[in-house]
file upload_35.tsv (TSV, C-alpha atoms)
chain	number	residue	atom	x	y	z
L	1	MET	CA	-21.26	138.21	-11.22
L	2	THR	CA	-21.96	138.97	-14.88
L	3	VAL	CA	-22.65	135.75	-16.71
L	4	ALA	CA	-22.21	137.13	-20.22
L	5	ALA	CA	-18.54	138.12	-19.76
L	6	PRO	CA	-16.04	135.28	-20.28
L	7	LEU	CA	-15.09	133.82	-16.94
L	8	GLY	CA	-11.67	132.74	-15.80
L	9	PHE	CA	-9.68	131.68	-12.76
L	10	HIS	CA	-7.18	133.75	-10.85
L	11	LEU	CA	-4.53	131.70	-9.08
L	12	ASP	CA	-2.33	133.46	-6.58
L	13	ALA	CA	0.62	131.09	-6.65
L	14	SER	CA	2.29	133.07	-3.89
L	15	ALA	CA	-0.61	132.18	-1.60
L	16	CYS	CA	-1.25	128.55	-2.66
L	17	ILE	CA	0.12	126.20	-0.02
L	18	GLY	CA	-0.79	122.99	-1.84
L	19	CYS	CA	-3.25	121.85	0.80
L	20	ARG	CA	-5.58	120.32	-1.81
L	21	THR	CA	-8.73	121.50	-0.11
L	22	CYS	CA	-9.85	122.64	-3.57
L	23	VAL	CA	-9.25	119.15	-4.93
L	24	ILE	CA	-11.31	117.53	-2.20
L	25	ALA	CA	-14.09	120.11	-2.52
L	26	CYS	CA	-14.25	119.44	-6.25
L	27	LYS	CA	-14.33	115.69	-5.68
L	28	SER	CA	-17.19	116.11	-3.23
L	29	LYS	CA	-19.18	118.41	-5.51
L	30	ASN	CA	-18.84	116.11	-8.50
L	31	GLY	CA	-18.90	112.75	-6.70
L	32	LEU	CA	-15.57	111.70	-8.20
L	33	PRO	CA	-14.06	108.34	-7.28
L	34	ALA	CA	-10.50	107.78	-6.12
L	35	GLY	CA	-8.01	108.34	-8.89
L	36	ARG	CA	-10.12	110.80	-10.89
L	37	ASN	CA	-9.88	114.53	-10.25
L	38	TYR	CA	-11.05	117.57	-12.16
L	39	ARG	CA	-8.83	119.88	-10.11
L	40	ARG	CA	-5.26	118.95	-9.30
L	41	VAL	CA	-2.31	120.55	-7.56
L	42	VAL	CA	1.02	120.49	-9.36
L	43	GLU	CA	4.06	120.64	-7.10
L	44	TYR	CA	7.11	122.12	-8.80
L	45	GLY	CA	10.53	122.62	-7.33
L	46	GLY	CA	14.25	122.52	-7.92
L	47	GLY	CA	17.66	123.44	-6.65
L	48	SER	CA	20.06	121.24	-4.77
L	49	TRP	CA	22.19	120.81	-1.65
L	50	ILE	CA	25.92	121.52	-1.78
L	51	PRO	CA	28.72	121.21	0.79
L	52	ASP	CA	28.61	124.17	3.15
L	53	PRO	CA	31.62	126.42	2.30
L	54	GLU	CA	32.13	127.11	6.00
L	55	ASP	CA	31.84	123.49	7.09
L	56	PRO	CA	32.12	120.94	4.24
L	57	THR	CA	30.82	118.20	6.52
L	58	LEU	CA	27.42	119.91	6.35
L	59	LEU	CA	25.13	120.59	3.42
L	60	ALA	CA	23.79	124.01	2.49
L	61	PRO	CA	20.85	124.78	0.18
L	62	SER	CA	21.71	126.03	-3.29
L	63	GLY	CA	18.86	127.65	-5.15
L	64	LEU	CA	16.17	125.53	-3.53
L	65	PHE	CA	12.66	126.51	-4.46
L	66	ALA	CA	9.19	124.99	-4.56
L	67	TYR	CA	5.72	126.17	-5.38
L	68	CYS	CA	2.28	124.74	-6.05
L	69	LEU	CA	-0.17	125.40	-8.85
L	70	SER	CA	-3.82	124.45	-8.44
L	71	ILE	CA	-5.14	123.72	-11.92
L	72	ALA	CA	-8.31	122.44	-13.56
L	73	CYS	CA	-9.94	123.03	-16.92
L	74	MET	CA	-8.83	126.49	-18.05
L	75	HIS	CA	-11.98	127.07	-20.13
L	76	CYS	CA	-9.59	128.30	-22.81
L	77	GLN	CA	-10.28	130.94	-25.39
L	78	ASP	CA	-9.14	128.44	-28.08
L	79	PRO	CA	-9.98	125.14	-26.42
L	80	ALA	CA	-8.13	122.26	-28.07
L	81	CYS	CA	-10.70	119.80	-26.77
L	82	VAL	CA	-13.54	121.54	-28.63
L	83	ALA	CA	-11.58	121.46	-31.88
L	84	ALA	CA	-10.61	117.81	-31.44
L	85	CYS	CA	-14.03	116.43	-30.55
L	86	PRO	CA	-15.52	114.73	-33.63
L	87	THR	CA	-19.05	114.57	-32.24
L	88	GLU	CA	-19.31	118.21	-31.13
L	89	ALA	CA	-20.00	116.92	-27.65
L	90	ILE	CA	-17.75	119.63	-26.19
L	91	ARG	CA	-18.99	123.15	-26.65
L	92	GLN	CA	-18.25	126.55	-25.21
L	93	ARG	CA	-20.93	128.80	-23.82
L	94	PRO	CA	-20.88	132.54	-24.52
L	95	ASP	CA	-19.49	133.06	-21.04
L	96	GLY	CA	-16.52	130.84	-21.93
L	97	ILE	CA	-17.50	127.79	-19.87
L	98	VAL	CA	-16.55	124.62	-21.75
L	99	LEU	CA	-19.13	121.89	-21.22
L	100	ILE	CA	-19.49	118.26	-22.33
L	101	ASP	CA	-22.82	117.05	-23.69
L	102	SER	CA	-22.60	113.53	-22.33
L	103	ALA	CA	-25.28	112.19	-24.68
L	104	ARG	CA	-23.16	113.06	-27.72
L	105	CYS	CA	-19.79	111.93	-26.33
L	106	ALA	CA	-18.58	108.71	-27.95
L	107	GLY	CA	-15.73	108.26	-25.49
L	108	CYS	CA	-13.02	108.33	-28.17
L	109	ARG	CA	-10.74	110.25	-25.78
L	110	TYR	CA	-9.25	112.48	-28.47
L	111	CYS	CA	-10.02	115.49	-26.29
L	112	GLU	CA	-7.90	113.92	-23.56
L	113	TRP	CA	-4.98	113.76	-25.99
L	114	ALA	CA	-5.55	117.29	-27.24
L	115	CYS	CA	-5.77	119.12	-23.91
L	116	PRO	CA	-2.30	120.29	-22.83
L	117	TYR	CA	-3.49	120.55	-19.22
L	118	GLY	CA	-4.78	116.99	-18.84
L	119	ALA	CA	-8.09	118.47	-17.81
L	120	LEU	CA	-10.36	115.79	-19.23
L	121	SER	CA	-10.90	112.45	-17.59
L	122	PHE	CA	-12.56	109.28	-18.80
L	123	ASP	CA	-15.43	107.91	-16.75
L	124	SER	CA	-15.12	104.17	-17.27
L	125	SER	CA	-18.54	103.57	-15.72
L	126	THR	CA	-20.30	105.51	-18.49
L	127	GLY	CA	-17.68	105.26	-21.23
L	128	ARG	CA	-17.72	109.03	-21.68
L	129	MET	CA	-15.47	111.98	-20.93
L	130	THR	CA	-15.92	114.31	-17.99
L	131	LYS	CA	-14.29	117.53	-16.86
L	132	CYS	CA	-14.62	120.61	-14.69
L	133	ASP	CA	-17.77	122.51	-15.60
L	134	LEU	CA	-16.83	125.49	-13.40
L	135	CYS	CA	-19.71	124.41	-11.14
L	136	VAL	CA	-21.97	125.86	-13.80
L	137	ASP	CA	-25.08	125.32	-11.69
L	138	LEU	CA	-23.62	127.50	-8.93
L	139	VAL	CA	-22.18	130.10	-11.30
L	140	ASP	CA	-25.56	130.46	-13.00
L	141	ALA	CA	-27.06	131.03	-9.56
L	142	GLY	CA	-24.49	133.74	-8.86
L	143	GLU	CA	-22.41	131.61	-6.48
L	144	GLU	CA	-18.76	130.57	-6.51
L	145	PRO	CA	-17.42	127.17	-7.63
L	146	TRP	CA	-16.61	124.89	-4.71
L	147	CYS	CA	-12.86	124.98	-5.35
L	148	VAL	CA	-12.90	128.76	-5.01
L	149	ALA	CA	-15.23	128.83	-2.03
L	150	SER	CA	-13.18	126.22	-0.17
L	151	CYS	CA	-9.70	127.71	-0.69
L	152	VAL	CA	-8.34	128.37	2.78
L	153	THR	CA	-5.77	130.94	1.64
L	154	ARG	CA	-8.05	132.61	-0.91
L	155	ALA	CA	-5.52	131.73	-3.59
L	156	LEU	CA	-8.26	130.91	-6.07
L	157	LYS	CA	-10.79	133.31	-7.47
L	158	VAL	CA	-13.19	133.22	-10.38
L	159	GLY	CA	-14.63	136.15	-12.28
L	160	PRO	CA	-14.76	137.92	-15.61
L	161	VAL	CA	-11.34	137.23	-17.02
L	162	ASP	CA	-10.91	140.74	-18.39
L	163	ASP	CA	-11.42	142.12	-14.89
L	164	LEU	CA	-8.96	139.60	-13.47
L	165	ARG	CA	-6.35	140.57	-16.05
L	166	ALA	CA	-6.87	144.25	-15.36
L	167	GLU	CA	-6.35	143.64	-11.66
L	168	HIS	CA	-3.60	140.98	-11.67
L	169	GLY	CA	-1.88	141.12	-15.08
L	170	SER	CA	-1.88	138.73	-17.99
L	171	LEU	CA	0.45	135.94	-16.88
L	172	ASP	CA	-1.25	132.66	-17.81
L	173	ALA	CA	1.51	130.10	-17.31
L	174	LEU	CA	4.35	129.15	-15.01
L	175	ALA	CA	6.55	126.08	-15.24
L	176	PRO	CA	5.60	123.26	-15.52
L	177	LEU	CA	2.41	124.40	-17.28
L	178	PRO	CA	2.51	124.58	-21.07
L	179	ASP	CA	2.85	127.93	-22.83
L	180	GLY	CA	-0.47	129.73	-22.80
L	181	ALA	CA	-0.16	130.60	-26.51
L	182	GLN	CA	-1.34	127.10	-27.38
L	183	THR	CA	-4.92	127.43	-26.21
L	184	ARG	CA	-5.07	130.87	-24.57
L	185	PRO	CA	-6.27	129.67	-21.15
L	186	ARG	CA	-8.58	131.88	-19.17
L	187	LEU	CA	-6.21	131.75	-16.24
L	188	VAL	CA	-4.50	134.66	-14.54
L	189	ILE	CA	-1.55	133.82	-12.32
L	190	THR	CA	0.03	135.93	-9.64
L	191	PRO	CA	3.46	134.30	-9.62
L	192	HIS	CA	5.18	132.79	-6.63
L	193	ARG	CA	8.40	134.68	-5.87
L	194	HIS	CA	10.32	131.69	-7.24
L	195	GLY	CA	7.95	131.16	-10.16
L	196	GLN	CA	9.73	130.13	-13.34
L	197	PRO	CA	8.59	130.89	-16.90
L	198	ALA	CA	6.71	128.14	-18.73
L	199	GLY	CA	9.06	126.11	-20.89
L	200	GLN	CA	12.15	127.43	-19.15
L	201	GLY	CA	11.83	125.82	-15.75
L	202	THR	CA	14.92	124.41	-14.11
L	203	GLY	CA	13.01	122.29	-11.60
L	204	ARG	CA	10.78	119.29	-11.88
L	205	SER	CA	7.28	118.32	-10.98
L	206	SER	CA	7.26	116.00	-8.03
L	207	ASN	CA	3.98	114.44	-9.07
L	208	PRO	CA	3.80	114.59	-12.90
L	209	GLU	CA	2.01	111.29	-13.46
L	210	ARG	CA	-0.78	112.12	-11.09
L	211	GLU	CA	-1.27	115.78	-11.76
L	212	LEU	CA	-0.14	116.86	-15.20
L	213	ARG	CA	-0.05	114.50	-18.15
O	1	MET	CA	-4.40	104.28	-18.04
O	2	ASN	CA	-5.23	100.86	-19.41
O	3	VAL	CA	-2.51	100.09	-21.95
O	4	PHE	CA	-4.84	97.77	-23.88
O	5	HIS	CA	-7.16	100.69	-24.54
O	6	GLU	CA	-4.98	101.90	-27.41
O	7	TRP	CA	-4.67	98.58	-29.24
O	8	PRO	CA	-7.89	98.92	-31.27
O	9	LEU	CA	-6.65	102.30	-32.44
O	10	VAL	CA	-3.28	100.87	-33.45
O	11	LEU	CA	-4.95	98.00	-35.31
O	12	PHE	CA	-7.40	100.37	-36.99
O	13	THR	CA	-4.64	102.69	-38.18
O	14	LEU	CA	-2.43	99.93	-39.51
O	15	THR	CA	-5.28	98.04	-41.18
O	16	VAL	CA	-6.69	101.09	-42.94
O	17	GLN	CA	-3.27	101.99	-44.27
O	18	LEU	CA	-2.71	98.38	-45.31
O	19	ALA	CA	-6.00	98.46	-47.23
O	20	VAL	CA	-5.11	101.71	-48.98
O	21	GLY	CA	-1.65	100.37	-49.80
O	22	LEU	CA	-3.13	97.13	-51.12
O	23	HIS	CA	-5.49	99.06	-53.36
O	24	LEU	CA	-2.66	101.18	-54.74
O	25	ALA	CA	-0.45	98.14	-55.25
O	26	LEU	CA	-3.15	96.17	-57.04
O	27	LEU	CA	-4.07	99.13	-59.21
O	28	SER	CA	-0.51	99.88	-60.23
O	29	THR	CA	0.27	96.19	-60.77
O	30	LYS	CA	-2.76	95.76	-63.00
O	31	ASN	CA	-2.10	98.86	-65.04
O	32	LEU	CA	1.67	98.83	-65.21
O	33	LEU	CA	2.62	95.16	-65.27
O	34	CYS	CA	-0.38	93.87	-67.18
O	35	ALA	CA	-0.57	96.69	-69.72
O	36	GLY	CA	-1.33	95.38	-73.20
O	37	HIS	CA	-2.68	92.06	-71.97
O	38	PRO	CA	-6.30	91.19	-72.52
O	39	ALA	CA	-8.41	92.13	-69.54
O	40	GLU	CA	-9.44	89.07	-67.63
O	41	GLY	CA	-11.78	89.03	-64.72
O	42	PRO	CA	-11.42	86.50	-61.98
O	43	GLY	CA	-12.47	83.07	-63.08
O	44	PRO	CA	-15.11	80.98	-61.34
O	45	GLY	CA	-14.05	80.32	-57.80
O	46	ALA	CA	-10.95	82.45	-58.16
O	47	ARG	CA	-9.96	84.66	-55.24
O	48	ASP	CA	-10.28	88.34	-56.07
O	49	PRO	CA	-7.53	90.33	-54.36
O	50	TYR	CA	-9.54	93.56	-54.65
O	51	LEU	CA	-12.09	92.09	-52.29
O	52	TRP	CA	-9.50	92.18	-49.54
O	53	VAL	CA	-9.43	95.96	-49.66
O	54	GLY	CA	-13.06	96.05	-48.55
O	55	VAL	CA	-12.62	93.23	-46.07
O	56	LEU	CA	-9.72	95.03	-44.43
O	57	MET	CA	-11.60	98.34	-44.33
O	58	ALA	CA	-14.71	96.75	-42.84
O	59	GLY	CA	-12.58	94.97	-40.27
O	60	ALA	CA	-10.79	98.21	-39.39
O	61	LEU	CA	-14.10	100.00	-38.92
O	62	ALA	CA	-15.35	97.23	-36.65
O	63	VAL	CA	-12.15	97.28	-34.59
O	64	SER	CA	-12.30	101.07	-34.28
O	65	LEU	CA	-15.58	100.76	-32.40
O	66	LEU	CA	-13.72	98.88	-29.67
O	67	HIS	CA	-11.80	102.07	-28.99
O	68	LEU	CA	-14.94	103.96	-28.07
O	69	GLY	CA	-16.41	104.14	-24.60
O	70	ALA	CA	-19.88	104.76	-26.02
O	71	PRO	CA	-19.96	103.28	-29.54
O	72	LEU	CA	-23.61	104.21	-30.17
O	73	SER	CA	-22.68	107.88	-30.01
O	74	ALA	CA	-20.37	107.35	-32.98
O	75	VAL	CA	-23.34	108.33	-35.15
O	76	HIS	CA	-22.42	111.93	-34.30
O	77	SER	CA	-18.85	111.48	-35.55
O	78	LEU	CA	-19.24	113.66	-38.62
O	79	SER	CA	-20.58	116.63	-36.67
O	80	ASN	CA	-17.35	118.58	-36.37
O	81	LEU	CA	-15.91	118.57	-39.90
O	82	GLU	CA	-15.14	122.26	-39.50
O	83	ASP	CA	-12.48	121.73	-36.83
O	84	SER	CA	-11.87	118.07	-36.01
O	85	TRP	CA	-9.38	116.02	-38.03
O	86	LEU	CA	-10.96	112.90	-36.55
O	87	SER	CA	-14.30	113.88	-38.10
O	88	ARG	CA	-12.55	114.47	-41.40
O	89	GLU	CA	-10.76	111.13	-41.15
O	90	ILE	CA	-14.04	109.30	-40.73
O	91	LEU	CA	-15.59	111.18	-43.66
O	92	VAL	CA	-12.70	110.45	-46.03
O	93	LEU	CA	-12.64	106.85	-44.84
O	94	LEU	CA	-16.32	106.46	-45.70
O	95	VAL	CA	-15.73	108.12	-49.07
O	96	PHE	CA	-12.86	105.71	-49.77
O	97	LEU	CA	-14.96	102.72	-48.75
O	98	GLY	CA	-17.93	103.92	-50.83
O	99	LEU	CA	-15.74	104.48	-53.90
O	100	TRP	CA	-14.10	101.11	-53.48
O	101	ALA	CA	-17.49	99.39	-53.19
O	102	SER	CA	-18.78	101.23	-56.27
O	103	GLY	CA	-15.66	100.39	-58.25
O	104	TYR	CA	-15.83	96.77	-57.17
O	105	TRP	CA	-19.47	96.52	-58.10
O	106	PHE	CA	-19.27	98.26	-61.48
O	107	GLY	CA	-16.01	96.56	-62.38
O	108	ARG	CA	-17.66	93.18	-62.17
O	109	ARG	CA	-21.09	94.02	-63.49
O	110	PRO	CA	-21.63	93.15	-67.17
O	111	GLY	CA	-22.84	96.12	-69.12
O	112	ALA	CA	-21.52	98.72	-66.69
O	113	PRO	CA	-20.16	101.85	-68.42
O	114	LEU	CA	-16.50	101.26	-69.22
O	115	TRP	CA	-15.47	104.75	-68.14
O	116	MET	CA	-16.94	104.11	-64.72
O	117	ALA	CA	-15.27	100.74	-64.29
O	118	SER	CA	-11.91	102.11	-65.34
O	119	SER	CA	-11.96	105.48	-63.58
O	120	LEU	CA	-13.44	104.59	-60.21
O	121	PRO	CA	-10.36	102.67	-58.98
O	122	TRP	CA	-8.22	105.72	-59.71
O	123	VAL	CA	-10.57	108.05	-57.90
O	124	THR	CA	-10.57	105.55	-55.04
O	125	ALA	CA	-6.77	105.62	-55.03
O	126	LEU	CA	-6.80	109.41	-54.76
O	127	ALA	CA	-9.25	109.19	-51.86
O	128	GLY	CA	-6.95	106.62	-50.23
O	129	ILE	CA	-3.95	108.91	-50.49
O	130	GLY	CA	-6.08	111.71	-49.05
O	131	LEU	CA	-7.12	109.40	-46.23
O	132	ILE	CA	-3.49	108.69	-45.30
O	133	GLY	CA	-2.86	112.45	-45.30
O	134	VAL	CA	-5.82	113.17	-43.05
O	135	MET	CA	-4.82	110.38	-40.66
O	136	ALA	CA	-1.40	111.94	-40.37
O	137	ARG	CA	-2.94	115.20	-39.17
O	138	ILE	CA	-4.65	113.71	-36.12
call {"tool": "encode", "arguments": {"input": "upload_35.tsv", "output": "structure tokens"}}
result
Amino acid sequence: MTVAAPLGFHLDASACIGCRTCVIACKSKNGLPAGRNYRRVVEYGGGSWIPDPEDPTLLAPSGLFAYCLSIACMHCQDPACVAACPTEAIRQRPDGIVLIDSARCAGCRYCEWACPYGALSFDSSTGRMTKCDLCVDLVDAGEEPWCVASCVTRALKVGPVDDLRAEHGSLDALAPLPDGAQTRPRLVITPHRHGQPAGQGTGRSSNPERELR
Amino acid sequence: MNVFHEWPLVLFTLTVQLAVGLHLALLSTKNLLCAGHPAEGPGPGARDPYLWVGVLMAGALAVSLLHLGAPLSAVHSLSNLEDSWLSREILVLLVFLGLWASGYWFGRRPGAPLWMASSLPWVTALAGIGLIGVMARI
């Protein structure tokens, strides 16, 4: 893996089954307590049940759909957290990895407000912000982040984002994620067959409070 | 999320804007309503309403620290003036407070240059208006 090229995630939403193995692997790697996750899985679905035209006493599905999106810090090209941070505690490496310098963080939580993906979390034990660091220690050693290595369906990949876009296209958002134009996330999505465009979704997130603020 | 976490921020915002508004009100009252009257400083033991501007600002700054998880790291708060509106807010706030303190000091110091005593409150008012504008951008 070339460290100098900006890195990004590829999420194959057609393969993600929402098992949350990536979430648990991330929690284990970073020693996160209950209630605080760097990686989360958004469940999104819609449609309804209508009386079956052939037998109105039964219900038939009408446009039912559901898919899962495993998301973490997108290590954006224009990271809102970096711009918001007054202490310059959040910086971006040349390879695109956004890192928090804990010693400089004042815990004002403005980055948490600024990030449209809810990727930053407050560590109340230290009074400072924390987030996904793309397992920078492993990446620097040429290994994969734990979320990627643990994915049972190989729905997650990490690599030079230009290579990922060349291979999988440039889609960087599906409902209920925000439009990628805001921060230009280094995320490449292979859409689920029922994937809906960001901002135009007809469904709802079944776990918005927990997964996407 | 702890709902009480945001209260220091609410108090800070309201108090700073109250202080700026008080400064503007006192300045306009003094110059518009009292125009033509002999200038009179506060008498012995009299309460000086201008002092409240500084008291409110100092109180707001103290309360704002309660919003921080690591208040000691606030010393780095002016590091990101290039991008962060919060950094800019803190800078303009300190400028406003410094101008107010200078104006307060020179306005009550015998022998201070008259131009300084009369112009500093207006410059402070401009900084206050700028501060409100910067706060609105956050």
call {"tool": "residues_around", "arguments": {"input": "upload_35.tsv", "residues": "region 100-109 of chain O", "least_positions_apart": "5", "cutoff": "12 Å", "atoms": "only C-alpha atoms", "output": "CSV table (one decimal) with C-alpha atoms, in the coordinates of the input"}}
result
chain,number,residue,atom,x,y,z
O,19,ALA,CA,-6.0,98.5,-47.2
O,20,VAL,CA,-5.1,101.7,-49.0
O,22,LEU,CA,-3.1,97.1,-51.1
O,23,HIS,CA,-5.5,99.1,-53.4
O,24,LEU,CA,-2.7,101.2,-54.7
O,27,LEU,CA,-4.1,99.1,-59.2
O,39,ALA,CA,-8.4,92.1,-69.5
O,40,GLU,CA,-9.4,89.1,-67.6
O,41,GLY,CA,-11.8,89.0,-64.7
O,42,PRO,CA,-11.4,86.5,-62.0
O,43,GLY,CA,-12.5,83.1,-63.1
O,48,ASP,CA,-10.3,88.3,-56.1
O,49,PRO,CA,-7.5,90.3,-54.4
O,50,TYR,CA,-9.5,93.6,-54.6
O,51,LEU,CA,-12.1,92.1,-52.3
O,52,TRP,CA,-9.5,92.2,-49.5
O,53,VAL,CA,-9.4,96.0,-49.7
O,54,GLY,CA,-13.1,96.0,-48.6
O,55,VAL,CA,-12.6,93.2,-46.1
O,56,LEU,CA,-9.7,95.0,-44.4
O,57,MET,CA,-11.6,98.3,-44.3
O,58,ALA,CA,-14.7,96.8,-42.8
O,93,LEU,CA,-12.6,106.8,-44.8
O,94,LEU,CA,-16.3,106.5,-45.7
O,95,VAL,CA,-15.7,108.1,-49.1
O,114,LEU,CA,-16.5,101.3,-69.2
O,115,TRP,CA,-15.5,104.8,-68.1
O,116,MET,CA,-16.9,104.1,-64.7
O,117,ALA,CA,-15.3,100.7,-64.3
O,118,SER,CA,-11.9,102.1,-65.3
O,119,SER,CA,-12.0,105.5,-63.6
O,120,LEU,CA,-13.4,104.6,-60.2
O,121,PRO,CA,-10.4,102.7,-59.0
O,122,TRP,CA,-8.2,105.7,-59.7
O,123,VAL,CA,-10.6,108.0,-57.9
O,124,THR,CA,-10.6,105.6,-55.0
O,125,ALA,CA,-6.8,105.6,-55.0
O,126,LEU,CA,-6.8,109.4,-54.8
O,127,ALA,CA,-9.2,109.2,-51.9
O,128,GLY,CA,-7.0,106.6,-50.2
call {"tool": "closest_atom_pairs", "arguments": {"input": "upload_35.tsv", "of": "chain L", "to": "chain O", "cutoff": "8 Å", "atoms": "all atoms listed in the file", "output": "Markdown table"}}
result
| residue | atom | partner | partner_atom | distance |
| --- | --- | --- | --- | --- |
| L:Ala83 | CA | O:Asp83 | CA | 5.0 |
| L:Ala84 | CA | O:Ser84 | CA | 4.7 |
| L:Cys85 | CA | O:Ser84 | CA | 6.1 |
| L:Pro86 | CA | O:Ser87 | CA | 4.7 |
| L:Thr87 | CA | O:Ser77 | CA | 4.5 |
| L:Glu88 | CA | O:Asn80 | CA | 5.6 |
| L:Ala103 | CA | O:Ser73 | CA | 7.3 |
| L:Arg104 | CA | O:Ser73 | CA | 5.7 |
| L:Cys105 | CA | O:Ser73 | CA | 6.2 |
| L:Ala106 | CA | O:Ala70 | CA | 4.6 |
| L:Gly107 | CA | O:Gly69 | CA | 4.3 |
| L:Cys108 | CA | O:Leu68 | CA | 4.8 |
| L:Arg109 | CA | O:Leu68 | CA | 7.9 |
| L:Ser124 | CA | O:Gly69 | CA | 7.4 |
| L:Thr126 | CA | O:Gly69 | CA | 7.4 |
| L:Gly127 | CA | O:Gly69 | CA | 3.8 |
| L:Arg128 | CA | O:Gly69 | CA | 5.8 |
call {"tool": "closest_residue", "arguments": {"input": "upload_35.tsv", "among": "L:Cys111, L:Leu7, L:Ala72, L:Leu187", "to": "Arg91 (chain L)", "atoms": "all atoms listed in the file"}}
result
L:Cys111
call {"tool": "closest_residue", "arguments": {"input": "upload_35.tsv", "among": "L:Ser14, L:Ser121, L:Thr21, L:Ser48", "to": "Trp146 (chain L)", "atoms": "all atoms listed in the file"}}
result
L:Thr21
call {"tool": "residues_near_point", "arguments": {"input": "upload_35.tsv", "point": "(-2.6, 103.2, -43.1)", "cutoff": "10 Å", "atoms": "all atoms listed in the file", "output": "list in words"}}
result
Val10, Leu11, Phe12, Thr13, Leu14, Thr15, Val16, Gln17, Leu18, Ala19, Val20, Gly21, Gly128, Ile129, Leu131, Ile132, Gly133, Met135 and Ala136 of chain O
call {"tool": "atom_distance", "arguments": {"input": "upload_35.tsv", "atom1": "CA of Cys115 (chain L)", "atom2": "CA of Pro178 (chain L)"}}
result
10.3 Å
call {"tool": "residues_around", "arguments": {"input": "upload_35.tsv", "residues": "Pro79 (chain L)", "least_positions_apart": "3", "cutoff": "8 Å", "atoms": "all atoms listed in the file", "output": "PyMOL selection string"}}
result
chain L and resi 75-76+82-83+115+183-185
call {"tool": "residues_around", "arguments": {"input": "upload_35.tsv", "residues": "Tyr44 (chain L)", "least_positions_apart": "5", "cutoff": "6 Å", "atoms": "only C-alpha atoms", "output": "number ranges by chain"}}
result
L: 66-67, 204-205
call {"tool": "atom_distance", "arguments": {"input": "upload_35.tsv", "atom1": "CA of Cys135 (chain L)", "atom2": "CA of Val161 (chain L)"}}
result
16.4 Å
call {"tool": "atom_distance", "arguments": {"input": "upload_35.tsv", "atom1": "CA of Asp179 (chain L)", "atom2": "CA of Arg165 (chain L)"}}
result
17.0 Å
call {"tool": "residues_around", "arguments": {"input": "upload_35.tsv", "residues": "Pro176 (chain L)", "least_positions_apart": "4", "cutoff": "10 Å", "atoms": "all atoms listed in the file", "output": "list of chain:residue names"}}
result
L:Val42, L:Glu43, L:Tyr44, L:Gly45, L:Leu69, L:Gly195, L:Gln196, L:Pro197, L:Ala198, L:Gly199, L:Gln200, L:Gly201, L:Thr202, L:Gly203, L:Arg204, L:Ser205, L:Pro208, L:Leu212
call {"tool": "closest_residue", "arguments": {"input": "upload_35.tsv", "among": "L:Leu120, L:Ala155, L:Ile97, L:Cys68", "to": "Val139 (chain L)", "atoms": "only C-alpha atoms"}}
result
L:Ile97
call {"tool": "residues_around", "arguments": {"input": "upload_35.tsv", "residues": "Ile100 (chain L)", "least_positions_apart": "5", "cutoff": "9 Å", "atoms": "all atoms listed in the file", "output": "list in words"}}
result
Glu88, Ala89, Ile90, Arg91, Gln92, Cys105, Met129, Thr130, Lys131 and Asp133 of chain L
